[in-house]
file final_5.cif (mmCIF, C-alpha atoms)
data_input
loop_
_atom_site.label_atom_id
_atom_site.label_comp_id
_atom_site.auth_asym_id
_atom_site.auth_seq_id
_atom_site.Cartn_x
_atom_site.Cartn_y
_atom_site.Cartn_z
CA PRO A 1 126.41 89.19 152.21
CA LEU A 2 128.30 90.55 149.30
CA VAL A 3 131.30 92.21 149.43
CA MET A 4 133.18 92.95 146.34
CA PHE A 5 131.42 95.85 144.68
CA PRO A 6 130.36 97.64 147.88
CA THR A 7 133.88 97.26 149.27
CA ILE A 8 135.72 98.60 146.23
CA TRP A 9 133.32 101.31 145.22
CA ARG A 10 132.38 103.18 148.36
CA ASP A 11 131.89 106.43 146.50
CA GLN A 12 128.42 106.58 144.93
CA ASP A 13 129.71 108.72 142.08
CA VAL A 14 132.10 105.95 141.10
CA LEU A 15 129.28 103.42 141.32
CA ALA A 16 127.17 105.55 139.02
CA ALA A 17 130.05 105.89 136.57
CA CYS A 18 130.23 102.10 136.40
CA GLY A 19 126.49 101.90 135.81
CA TRP A 20 125.66 100.25 139.14
CA ARG A 21 123.15 101.47 141.69
CA ARG A 22 122.59 100.15 145.18
CA SER A 23 119.46 98.14 145.82
CA GLN A 24 118.11 95.82 148.48
CA THR A 25 116.22 92.60 148.48
CA VAL A 26 114.29 91.12 151.40
CA THR A 27 114.99 87.48 152.23
CA THR A 28 113.96 85.21 155.06
CA SER A 29 117.19 86.15 156.80
CA GLY A 30 116.54 89.88 156.49
CA VAL A 31 117.55 92.65 154.11
CA ARG A 32 120.37 91.68 151.77
CA PRO A 33 122.21 94.36 149.74
CA ARG A 34 122.83 93.88 146.08
CA PHE A 35 123.94 95.92 143.09
CA VAL A 36 121.89 96.32 139.96
CA ASP A 37 123.07 97.64 136.63
CA ALA A 38 120.89 100.71 136.24
CA ARG A 39 120.87 100.49 132.45
CA CYS A 40 120.12 96.85 131.70
CA GLY A 41 118.86 95.34 134.93
CA HIS A 42 121.71 92.91 135.57
CA THR A 43 121.96 91.97 139.22
CA LEU A 44 125.16 90.95 140.97
CA ASP A 45 124.21 88.13 143.31
CA GLU A 46 126.16 88.14 146.55
CA ARG A 47 125.99 84.43 147.20
CA ASN A 48 127.39 82.97 143.99
CA ASN A 49 128.94 86.05 142.30
CA ALA A 50 126.57 85.51 139.38
CA ILE A 51 124.97 88.06 137.13
CA ARG A 52 121.23 87.50 136.78
CA ARG A 53 119.42 89.10 133.91
CA GLN A 54 116.12 90.88 134.63
CA PRO A 55 115.72 91.10 131.64
CA ILE A 56 118.46 91.66 129.02
CA ASP A 57 116.09 91.53 126.09
CA THR A 58 116.01 95.28 125.69
CA PRO A 59 117.72 97.94 123.57
CA ILE A 60 118.92 99.50 126.83
CA THR A 61 121.53 96.72 127.03
CA ARG A 62 123.53 98.59 124.40
CA GLY A 63 124.18 101.35 126.93
CA TRP A 64 126.32 99.04 129.03
CA ARG A 65 129.68 99.35 127.25
CA SER A 66 128.63 97.37 124.18
CA GLU A 67 126.79 94.20 123.31
CA LYS A 68 130.10 92.48 122.67
CA ALA A 69 131.54 93.59 126.01
CA THR A 70 128.42 92.45 127.84
CA ALA A 71 128.64 89.04 126.22
CA SER A 72 132.25 88.62 127.24
CA LEU A 73 131.57 89.73 130.81
CA VAL A 74 129.13 86.98 131.67
CA GLY A 75 129.34 83.33 130.69
CA SER A 76 126.49 81.02 129.77
CA ASP A 77 126.36 79.87 133.38
CA GLY A 78 125.76 83.46 134.51
CA ARG A 79 129.07 83.76 136.36
CA ILE A 80 131.45 86.66 135.86
CA LYS A 81 134.17 85.74 133.36
CA THR A 82 135.70 89.12 132.54
CA LEU A 83 136.14 92.07 134.86
CA MET A 84 137.06 94.96 132.57
CA LEU A 85 137.26 98.20 134.53
CA ASN A 86 140.21 100.05 133.03
CA GLU A 87 140.26 103.83 133.45
CA LYS A 88 137.13 104.05 135.63
CA ARG A 89 138.70 106.35 138.25
CA LEU A 90 138.18 103.65 140.86
CA HIS A 91 139.77 104.20 144.24
CA GLY A 92 140.10 102.37 147.51
CA ARG A 93 141.40 98.88 148.14
CA ILE A 94 140.80 95.59 146.41
CA PRO A 95 138.68 93.67 148.93
CA THR A 96 139.61 90.23 150.17
CA GLU A 97 136.34 88.98 148.69
CA ILE A 98 137.93 89.22 145.26
CA GLY A 99 138.74 85.56 145.87
CA LEU A 100 135.06 84.66 145.48
CA LEU A 101 135.16 85.37 141.75
CA THR A 102 136.57 81.95 140.99
CA ALA A 103 135.19 81.85 137.45
CA VAL A 104 137.02 85.01 136.33
CA ARG A 105 139.37 84.46 133.40
CA GLU A 106 140.30 88.09 132.72
CA MET A 107 140.75 90.90 135.24
CA TYR A 108 141.60 94.37 133.97
CA LEU A 109 141.87 97.18 136.53
CA THR A 110 144.52 99.28 134.77
CA ASN A 111 144.81 103.07 135.05
CA ASN A 112 142.78 103.66 138.19
CA GLU A 113 143.58 105.03 141.65
CA LEU A 114 143.42 101.80 143.62
CA THR A 115 145.61 101.69 146.74
CA GLY A 116 146.69 99.37 149.53
CA HIS A 117 148.10 95.88 149.39
CA ILE A 118 147.18 93.25 146.85
CA PRO A 119 145.13 90.74 148.89
CA THR A 120 146.44 87.22 149.28
CA GLU A 121 142.99 85.98 148.20
CA ILE A 122 143.98 86.79 144.63
CA GLY A 123 145.57 83.35 144.69
CA GLN A 124 142.09 81.81 144.71
CA LEU A 125 141.47 82.93 141.12
CA THR A 126 142.81 79.70 139.71
CA SER A 127 140.94 80.09 136.40
CA VAL A 128 142.34 83.53 135.57
CA ALA A 129 144.44 83.81 132.40
CA GLN A 130 145.03 87.56 132.29
CA ILE A 131 145.64 89.90 135.25
CA SER A 132 146.35 93.59 134.73
CA LEU A 133 146.66 95.77 137.84
CA SER A 134 149.11 98.22 136.29
CA ARG A 135 149.24 101.98 136.75
CA ASN A 136 147.54 102.24 140.12
CA ARG A 137 148.92 103.13 143.55
CA PHE A 138 149.36 99.69 145.07
CA THR A 139 151.91 99.31 147.86
CA GLY A 140 153.19 96.43 149.95
CA CYS A 141 154.61 93.22 148.53
CA ILE A 142 153.51 90.79 145.84
CA PRO A 143 151.75 87.98 147.73
CA THR A 144 153.36 84.57 147.42
CA GLU A 145 149.90 83.20 146.64
CA VAL A 146 150.44 84.28 143.02
CA GLY A 147 152.02 80.87 142.70
CA HIS A 148 148.51 79.36 142.74
CA LEU A 149 147.55 81.13 139.50
CA THR A 150 148.62 78.21 137.37
CA ALA A 151 146.35 79.17 134.44
CA VAL A 152 147.70 82.71 134.10
CA ILE A 153 149.26 83.72 130.78
CA GLY A 154 149.76 87.46 131.30
CA PHE A 155 150.61 89.15 134.63
CA ARG A 156 150.98 92.96 134.60
CA LEU A 157 151.69 94.94 137.74
CA HIS A 158 153.88 97.72 136.39
CA GLY A 159 153.57 101.37 137.33
CA ASN A 160 152.77 100.96 141.03
CA MET A 161 154.71 101.33 144.28
CA ILE A 162 155.14 97.65 145.05
CA GLY A 163 158.19 96.81 147.16
CA GLY A 164 159.83 93.73 148.59
CA CYS A 165 161.24 90.78 146.69
CA ILE A 166 159.90 89.07 143.59
CA PRO A 167 158.29 85.87 144.94
CA SER A 168 160.05 82.69 143.87
CA GLU A 169 156.54 81.22 143.48
CA PHE A 170 156.32 82.89 140.06
CA GLY A 171 158.32 79.91 138.88
CA GLN A 172 155.23 77.71 139.31
CA LEU A 173 153.33 79.53 136.55
CA SER A 174 154.32 77.26 133.67
CA MET A 175 151.86 78.86 131.21
CA LEU A 176 153.05 82.43 131.77
CA THR A 177 154.13 84.22 128.57
CA GLU A 178 154.26 87.82 129.80
CA LEU A 179 155.54 89.12 133.14
CA ARG A 180 155.62 92.90 133.58
CA LEU A 181 156.72 94.14 136.99
CA HIS A 182 158.66 97.20 135.86
CA SER A 183 158.43 100.70 137.34
CA ASN A 184 157.93 99.66 140.95
CA GLN A 185 160.15 99.59 144.04
CA LEU A 186 161.04 95.90 144.01
CA ASP A 187 164.35 94.98 145.62
CA GLY A 188 166.41 91.92 146.36
CA PRO A 189 167.60 89.35 143.81
CA ILE A 190 165.84 88.07 140.72
CA PRO A 191 164.69 84.58 141.78
CA THR A 192 166.37 81.72 139.96
CA THR A 193 162.95 80.07 139.61
CA ILE A 194 162.29 82.53 136.75
CA GLY A 195 164.20 79.99 134.69
CA GLN A 196 161.29 77.55 135.06
CA LEU A 197 158.94 79.76 133.01
CA VAL A 198 159.61 77.90 129.77
CA ALA A 199 156.68 79.58 127.96
CA LEU A 200 157.82 83.12 128.81
CA GLU A 201 158.15 85.52 125.87
CA SER A 202 158.46 88.90 127.61
CA LEU A 203 160.21 89.65 130.92
CA GLU A 204 160.09 93.31 132.00
CA LEU A 205 161.72 94.06 135.37
CA CYS A 206 163.29 97.43 134.58
CA ARG A 207 163.19 100.56 136.76
CA ASN A 208 163.18 98.83 140.13
CA GLN A 209 165.86 98.41 142.81
CA LEU A 210 166.77 94.81 142.11
CA SER A 211 170.23 93.71 143.21
CA GLY A 212 172.50 90.70 142.99
CA CYS A 213 173.53 88.86 139.85
CA ILE A 214 171.53 88.13 136.73
CA PRO A 215 170.48 84.47 137.14
CA SER A 216 172.08 82.21 134.57
CA GLU A 217 168.78 80.27 134.61
CA ILE A 218 167.26 82.96 132.38
CA GLY A 219 169.21 81.30 129.60
CA ARG A 220 166.70 78.43 129.68
CA LEU A 221 163.86 80.64 128.43
CA LYS A 222 164.13 79.66 124.79
CA ARG A 223 160.92 81.47 123.77
CA LEU A 224 161.98 84.80 125.23
CA SER A 225 161.85 87.66 122.71
CA SER A 226 162.07 90.66 125.07
CA LEU A 227 164.29 90.98 128.16
CA ASN A 228 164.50 94.29 130.00
CA LEU A 229 166.42 94.45 133.28
CA SER A 230 167.66 98.03 132.91
CA GLY A 231 167.59 100.68 135.61
CA ASN A 232 168.29 98.41 138.59
CA ARG A 233 171.27 97.69 140.85
CA LEU A 234 172.30 94.40 139.32
CA SER A 235 175.98 93.52 139.67
CA GLY A 236 178.42 90.82 138.63
CA ARG A 237 179.03 89.46 135.16
CA ILE A 238 176.59 89.02 132.30
CA PRO A 239 175.88 85.26 132.20
CA THR A 240 177.18 83.58 129.06
CA GLU A 241 173.92 81.57 129.08
CA LEU A 242 172.07 84.63 127.75
CA GLY A 243 173.70 83.83 124.43
CA GLN A 244 171.36 80.82 124.21
CA LEU A 245 168.33 83.12 123.84
CA THR A 246 168.59 83.19 120.08
CA GLY A 247 165.01 84.40 119.65
CA LEU A 248 165.63 87.67 121.51
CA LYS A 249 164.65 90.82 119.64
CA THR A 250 165.49 93.23 122.44
CA MET A 251 167.75 92.92 125.46
CA TRP A 252 168.28 95.90 127.75
CA LEU A 253 170.69 95.56 130.66
CA SER A 254 171.67 99.23 130.79
CA SER A 255 172.02 101.43 133.89
CA ASN A 256 173.12 98.72 136.30
CA ARG A 257 176.41 97.87 138.03
CA LEU A 258 177.48 95.02 135.78
CA THR A 259 181.20 94.28 135.49
CA GLY A 260 183.54 92.01 133.58
CA THR A 261 183.98 91.37 129.89
CA ILE A 262 181.00 91.36 127.57
CA PRO A 263 180.55 87.66 126.71
CA THR A 264 181.15 86.92 123.04
CA GLU A 265 178.24 84.44 123.24
CA LEU A 266 175.88 87.42 122.92
CA ALA A 267 176.95 87.69 119.29
CA ARG A 268 174.65 84.71 118.62
CA LEU A 269 171.64 86.98 119.19
CA THR A 270 171.24 87.86 115.53
CA HIS A 271 167.54 88.71 115.82
CA LEU A 272 168.30 91.79 117.91
CA SER A 273 168.21 93.94 114.78
CA ALA A 274 164.57 93.08 114.07
CA VAL A 275 163.02 95.81 116.26
CA TYR A 276 163.68 99.08 118.06
CA GLU A 277 165.64 100.63 115.23
CA SER A 278 165.92 103.99 116.94
CA ALA A 279 166.62 102.72 120.45
CA GLY A 280 168.76 99.66 119.85
CA GLY A 281 167.84 96.00 120.24
CA LEU A 282 170.83 95.48 122.55
CA ASN A 283 171.62 98.04 125.24
CA LEU A 284 174.45 97.41 127.70
CA SER A 285 175.34 101.05 128.33
CA GLN A 286 175.97 102.70 131.70
CA ASN A 287 177.63 99.71 133.30
CA ARG A 288 181.29 98.88 134.06
CA LEU A 289 181.85 96.39 131.27
CA THR A 290 185.08 95.78 129.40
CA GLY A 291 185.89 94.34 125.99
CA LYS A 292 183.66 96.78 124.14
CA PRO A 293 185.85 97.33 121.04
CA LYS A 294 186.21 93.60 120.38
CA PHE A 295 182.52 92.95 120.95
CA ARG A 296 181.48 95.95 118.84
CA LYS A 297 183.45 94.59 115.90
CA LEU A 298 181.96 91.16 116.39
CA MET A 299 178.39 92.49 116.50
CA ALA A 300 178.94 94.77 113.54
CA ALA A 301 179.63 91.71 111.44
CA LYS A 302 176.41 90.08 112.64
CA LEU A 303 173.84 92.90 112.71
CA ARG A 304 172.60 95.09 109.88
CA PRO A 305 172.26 98.01 110.22
CA LYS A 306 174.88 98.64 112.90
CA LYS A 307 172.89 101.11 114.98
CA HIS A 308 170.89 98.44 116.78
CA PHE A 309 173.20 98.07 119.75
CA ARG A 310 174.52 100.35 122.46
CA LEU A 311 177.56 99.57 124.54
#
call {"tool": "encode", "arguments": {"input": "final_5.cif", "output": "structure tokens"}}
result
Amino acid sequence: PLVMFPTIWRDQDVLAACGWRRSQTVTTSGVRPRFVDARCGHTLDERNNAIRRQPIDTPITRGWRSEKATASLVGSDGRIKTLMLNEKRLHGRIPTEIGLLTAVREMYLTNNELTGHIPTEIGQLTSVAQISLSRNRFTGCIPTEVGHLTAVIGFRLHGNMIGGCIPSEFGQLSMLTELRLHSNQLDGPIPTTIGQLVALESLELCRNQLSGCIPSEIGRLKRLSSLNLSGNRLSGRIPTELGQLTGLKTMWLSSNRLTGTIPTELARLTHLSAVYESAGGLNLSQNRLTGKPKFRKLMAAKLRPKKHFRL
């Protein structure tokens, strides 16, 4: 018997807001619950997580988000491809049965009131390319099973209350271009396996409680354009390898416990002036760094205008 929708949406008002109403169908094995879209007659089938149309050839279909959204939700095989439920005031936990939606390629549950742990079964969504669980009330740790999401391109979990360490298994996601884990309660070191994410363009780990040194392996991420590690408890020296990230447009390492001399290799990051004119493309402030006058002069010769860096 199905699982996902009844487990997430216990409150009938929330079900109604999503356009689903509870129904039942009688089978040889007894009464089986199902959920039917009250506006266009789509049925969520519990056995194969498919949407069956009964019928869709009606103007009423337009009342379900939009015709375009409906088309993107369900594939030609009738299986759910996109789960777009941002800002639906959903609450409760994500059920373990989420793992049954193996055809899902996009999952958007941003800006809701979902709580509890992220189930390990999320690792069964091996076709998913985009996951956004940001701005909810999730707690617990990030399950190591995220390492099975080898098709994922964007992973957003920011704005929750997730604790524990960043799983080293993230390093297995070779297609990942965006990793946003900021504004949580993550602690421990940044795993060195982050350096394996050769496709990564944006790494946002700010406003956590991360400790230890900045891994020199980050210097391998040649496609990286945005690096934000500010507002943590990172210590030690800034790796000279960060100077190899010549495509960086913004690098924020502020509000940590970094020490030592600012490496002159960072002066190679000449694209830092491209964005964030008011905030600064390079922010190393509120640390315990030395060599600021020399580095400031060096950067002033490289960047125009000069206001794009903060030391």
call {"tool": "resolve_selection", "arguments": {"input": "final_5.cif", "expression": "the PyMOL selection byres ((chain A and resi 226-229) around 9)", "output": "PDB file with C-alpha atoms, in the frame of the given file"}}
result
ATOM      1  CA  HIS A 182     158.660  97.200 135.860  1.00  0.00           C
ATOM      2  CA  GLU A 201     158.150  85.520 125.870  1.00  0.00           C
ATOM      3  CA  SER A 202     158.460  88.900 127.610  1.00  0.00           C
ATOM      4  CA  LEU A 203     160.210  89.650 130.920  1.00  0.00           C
ATOM      5  CA  GLU A 204     160.090  93.310 132.000  1.00  0.00           C
ATOM      6  CA  LEU A 205     161.720  94.060 135.370  1.00  0.00           C
ATOM      7  CA  CYS A 206     163.290  97.430 134.580  1.00  0.00           C
ATOM      8  CA  ARG A 207     163.190 100.560 136.760  1.00  0.00           C
ATOM      9  CA  ASN A 208     163.180  98.830 140.130  1.00  0.00           C
ATOM     10  CA  LEU A 210     166.770  94.810 142.110  1.00  0.00           C
ATOM     11  CA  ILE A 214     171.530  88.130 136.730  1.00  0.00           C
ATOM     12  CA  LEU A 224     161.980  84.800 125.230  1.00  0.00           C
ATOM     13  CA  SER A 225     161.850  87.660 122.710  1.00  0.00           C
ATOM     14  CA  SER A 230     167.660  98.030 132.910  1.00  0.00           C
ATOM     15  CA  GLY A 231     167.590 100.680 135.610  1.00  0.00           C
ATOM     16  CA  ASN A 232     168.290  98.410 138.590  1.00  0.00           C
ATOM     17  CA  LEU A 234     172.300  94.400 139.320  1.00  0.00           C
ATOM     18  CA  GLY A 247     165.010  84.400 119.650  1.00  0.00           C
ATOM     19  CA  LEU A 248     165.630  87.670 121.510  1.00  0.00           C
ATOM     20  CA  LYS A 249     164.650  90.820 119.640  1.00  0.00           C
ATOM     21  CA  THR A 250     165.490  93.230 122.440  1.00  0.00           C
ATOM     22  CA  MET A 251     167.750  92.920 125.460  1.00  0.00           C
ATOM     23  CA  TRP A 252     168.280  95.900 127.750  1.00  0.00           C
ATOM     24  CA  LEU A 253     170.690  95.560 130.660  1.00  0.00           C
ATOM     25  CA  SER A 254     171.670  99.230 130.790  1.00  0.00           C
ATOM     26  CA  SER A 255     172.020 101.430 133.890  1.00  0.00           C
ATOM     27  CA  ASN A 256     173.120  98.720 136.300  1.00  0.00           C
TER      28      ASN A 256
END
call {"tool": "residues_around", "arguments": {"input": "final_5.cif", "residues": "stretch 141-148 of chain A", "least_positions_apart": "5", "cutoff": "6 Å", "atoms": "all atoms listed in the file", "output": "list in words"}}
result
Thr120, Gly123, Ile162, Gly163, Gly164, Pro167, Glu169, Phe170 and Gln172 of chain A
call {"tool": "write_last_selection", "arguments": {"input": "final_5.cif", "atoms": "C-alpha atoms", "output": "CSV table (one decimal), keeping the file's coordinate frame"}}
result
chain,number,residue,atom,x,y,z
A,120,THR,CA,146.4,87.2,149.3
A,123,GLY,CA,145.6,83.4,144.7
A,162,ILE,CA,155.1,97.6,145.0
A,163,GLY,CA,158.2,96.8,147.2
A,164,GLY,CA,159.8,93.7,148.6
A,167,PRO,CA,158.3,85.9,144.9
A,169,GLU,CA,156.5,81.2,143.5
A,170,PHE,CA,156.3,82.9,140.1
A,172,GLN,CA,155.2,77.7,139.3
call {"tool": "resolve_selection", "arguments": {"input": "final_5.cif", "expression": "the PyMOL selection byres ((chain A and resi 98-100) around 6)", "output": "PyMOL selection string"}}
result
chain A and resi 95-97+101-102+121-122+124
call {"tool": "resolve_selection", "arguments": {"input": "final_5.cif", "expression": "the PyMOL selection byres ((chain A and resi 126-132) around 7)", "output": "tab-separated table (two decimals) with C-alpha atoms, in the coordinates of the input"}}
result
chain	number	residue	atom	x	y	z
A	102	THR	CA	136.57	81.95	140.99
A	103	ALA	CA	135.19	81.85	137.45
A	104	VAL	CA	137.02	85.01	136.33
A	105	ARG	CA	139.37	84.46	133.40
A	106	GLU	CA	140.30	88.09	132.72
A	107	MET	CA	140.75	90.90	135.24
A	108	TYR	CA	141.60	94.37	133.97
A	109	LEU	CA	141.87	97.18	136.53
A	110	THR	CA	144.52	99.28	134.77
A	123	GLY	CA	145.57	83.35	144.69
A	124	GLN	CA	142.09	81.81	144.71
A	125	LEU	CA	141.47	82.93	141.12
A	133	LEU	CA	146.66	95.77	137.84
A	134	SER	CA	149.11	98.22	136.29
A	148	HIS	CA	148.51	79.36	142.74
A	149	LEU	CA	147.55	81.13	139.50
A	150	THR	CA	148.62	78.21	137.37
A	151	ALA	CA	146.35	79.17	134.44
A	152	VAL	CA	147.70	82.71	134.10
A	153	ILE	CA	149.26	83.72	130.78
A	154	GLY	CA	149.76	87.46	131.30
A	155	PHE	CA	150.61	89.15	134.63
A	156	ARG	CA	150.98	92.96	134.60
A	157	LEU	CA	151.69	94.94	137.74
call {"tool": "residues_near_point", "arguments": {"input": "final_5.cif", "point": "(157.0, 77.8, 130.3)", "cutoff": "10 Å", "atoms": "only C-alpha atoms", "output": "ChimeraX atom specification"}}
result
/A:153,171-177,194-201,220-224
call {"tool": "closest_atom_pairs", "arguments": {"input": "final_5.cif", "of": "stretch 144-249 of chain A", "to": "stretch 287-293 of chain A", "cutoff": "10 Å", "atoms": "all atoms listed in the file", "output": "CSV"}}
result
residue,atom,partner,partner_atom,distance
A:Leu234,CA,A:Asn287,CA,9.6
A:Ser235,CA,A:Asn287,CA,9.0
A:Gly236,CA,A:Arg288,CA,9.7
A:Arg237,CA,A:Leu289,CA,8.4
A:Ile238,CA,A:Leu289,CA,9.1
call {"tool": "atom_distance", "arguments": {"input": "final_5.cif", "atom1": "atom CA of A:Met299", "atom2": "atom CA of A:Ile190"}}
result
27.6 Å
call {"tool": "closest_residue", "arguments": {"input": "final_5.cif", "among": "A:Leu282, A:Leu242, A:Gln185, A:Glu178", "to": "A:Thr139", "atoms": "all atoms listed in the file"}}
result
A:Gln185
call {"tool": "atom_distance", "arguments": {"input": "final_5.cif", "atom1": "atom CA of A:Asn160", "atom2": "atom CA of A:Asn283"}}
result
24.8 Å
call {"tool": "atom_distance", "arguments": {"input": "final_5.cif", "atom1": "atom CA of A:Leu90", "atom2": "atom CA of A:Asn111"}}
result
8.8 Å
call {"tool": "residues_around", "arguments": {"input": "final_5.cif", "residues": "A:Pro215", "least_positions_apart": "4", "cutoff": "8 Å", "atoms": "all atoms listed in the file", "output": "ChimeraX atom specification"}}
result
/A:190-192,239
call {"tool": "closest_residue", "arguments": {"input": "final_5.cif", "among": "A:Leu114, A:Leu272, A:Leu284, A:Ile262", "to": "A:Arg89", "atoms": "all atoms listed in the file"}}
result
A:Leu114
call {"tool": "closest_residue", "arguments": {"input": "final_5.cif", "among": "A:Arg268, A:His117, A:Arg137, A:His158", "to": "A:Leu245", "atoms": "all atoms listed in the file"}}
result
A:Arg268
